[in-house]
Amino acid sequence: MTTAARLGCADPAFASLNDFASNAQIIANIDTRIPLIADPDVGFGGPPNIARMVTTYHSCGVAGFHIEDQVVNKRCGHLREKGVVDVETWKSRIRACAIGRDSIHGGSDIVIIARTDALAVEEYEAALETLVAARECGADMGFLEAIETEEQIKNAVQLLAPMPLMVNLVSNGKTPWFSPEQLGEWGVKLAI
C-alpha cells in the first residue's frame, strides 16, 4: 500500500523505511484513538536496521507491526512461489524487534507480531514451530499467513497460547471468510 499510495507504483521492493514511516505517521495521526498496525515486510535489512525500524515506527505513533519470515524480495502472502528464511535468521529478526523496543527511552508497548509464510512453503507443523520460535524470542502475537481451515486456526490458538493469534482475511485469498464472531469463539484475538 505504501508504494502505491506514496510512490504511485506496484511494490518492487525499493521503498525505504523512511517511505514506510512517513506514510505510517500520517495514518497513525488521523485519529490517535485508533491503533495502527504497520507492515514493514521483512524489516529493511539486517538486525540493526530492524531494531531501528521498531524505534522509528514507535516515534511515528504505530501501535504494532508484523514482520515476516520471507526472503528478500518478498511476495504477497496469498501468492505462490515464496521463500522463507532459515530459523536462525528468523529468530534474529524477532530478537532485533525486541531489542529495538527495549531500547526506547521511557519504554514502549508497541506490539511485535511475528508473521510466517511458512505454510505456503513447508508443512503446517513447521509453520507453527516458526511462530513458537518467535514467541520464545520476544514476539507478542503470531500471524500464520494464508491459514486455511477452522481446525488449523483452533489448533494454532491452542499451541501458541498464551501468545495470541492474528488472522488475515483477504478477499479471494487462501483463508476462507470467517466472521469476527466465529474467530472470537475460536480464540483469535485480532483479524485484519
# chains A, B, ... in the order shown; residues from 1 in each chain; ligands from 1
$ closest_atom_pairs --of "segment 86-184 of chain A" --to "segment 41-62 of chain A" --cutoff "7 Å" --atoms "only C-alpha atoms" --output "Markdown table"
| residue | atom | partner | partner_atom | distance |
| --- | --- | --- | --- | --- |
| A:Ser92 | CA | A:Pro47 | CA | 6.5 |
| A:Arg93 | CA | A:Pro47 | CA | 5.9 |
| A:Ala96 | CA | A:Ala51 | CA | 5.0 |
| A:Cys97 | CA | A:Ala51 | CA | 5.2 |
| A:Ile99 | CA | A:Ala51 | CA | 6.3 |
| A:Gly100 | CA | A:Ala51 | CA | 4.0 |
| A:Arg101 | CA | A:Val54 | CA | 6.2 |
| A:Ile104 | CA | A:Thr55 | CA | 6.4 |
| A:Ile110 | CA | A:His58 | CA | 6.6 |
$ residues_around --residues "Val121 of chain A" --least-positions-apart "2" --cutoff "9 Å" --atoms "only C-alpha atoms" --output "list in words"
Arg80, Glu81, Lys82, Gly83, Val84, Asp117, Ala118, Leu119, Glu123 and Ala127 of chain A
$ closest_atom_pairs --of "segment 75-178 of chain A" --to "segment 13-37 of chain A" --cutoff "10 Å" --atoms "only C-alpha atoms" --output "Markdown table"
| residue | atom | partner | partner_atom | distance |
| --- | --- | --- | --- | --- |
| A:Arg75 | CA | A:Ala13 | CA | 9.4 |
| A:Ile110 | CA | A:Ile37 | CA | 9.4 |
| A:Val111 | CA | A:Ile37 | CA | 8.5 |
| A:Ile112 | CA | A:Ile37 | CA | 9.7 |
| A:Ile113 | CA | A:Ile37 | CA | 9.2 |
$ select_by_dssp --residues "segment 20-127 of chain A" --states "strand (DSSP E or B)" --output "JSON, numbers by chain"
{"A": [37, 38, 64, 65, 66, 67, 68, 70, 84, 111, 112, 113, 114, 115, 116]}
$ closest_atom_pairs --of "segment 52-142 of chain A" --to "segment 155-169 of chain A" --cutoff "8 Å" --atoms "only C-alpha atoms" --output "JSON lines"
{"residue": "A:Leu128", "atom": "CA", "partner": "A:Ala156", "partner_atom": "CA", "distance": 6.9}
{"residue": "A:Leu131", "atom": "CA", "partner": "A:Leu160", "partner_atom": "CA", "distance": 7.5}
{"residue": "A:Val132", "atom": "CA", "partner": "A:Leu160", "partner_atom": "CA", "distance": 6.4}
{"residue": "A:Arg135", "atom": "CA", "partner": "A:Met163", "partner_atom": "CA", "distance": 6.9}
{"residue": "A:Asp140", "atom": "CA", "partner": "A:Met163", "partner_atom": "CA", "distance": 6.1}
{"residue": "A:Met141", "atom": "CA", "partner": "A:Pro164", "partner_atom": "CA", "distance": 5.1}
{"residue": "A:Gly142", "atom": "CA", "partner": "A:Leu165", "partner_atom": "CA", "distance": 4.8}
$ select_by_dssp --residues "chain A" --states "alpha helix (DSSP H)" --output "number ranges by chain"
A: 2, 17-28, 47-60, 87-102, 118-121, 124-136, 150-160, 180-185
$ closest_residue --among "A:Thr89, A:Ser103, A:Ser108, A:Gln152" --to "Ala63 of chain A" --atoms "only C-alpha atoms"
A:Ser108
$ closest_residue --among "A:Ser171, A:Ile94, A:Ile192, A:Glu151" --to "Thr130 of chain A" --atoms "only C-alpha atoms"
A:Ile94
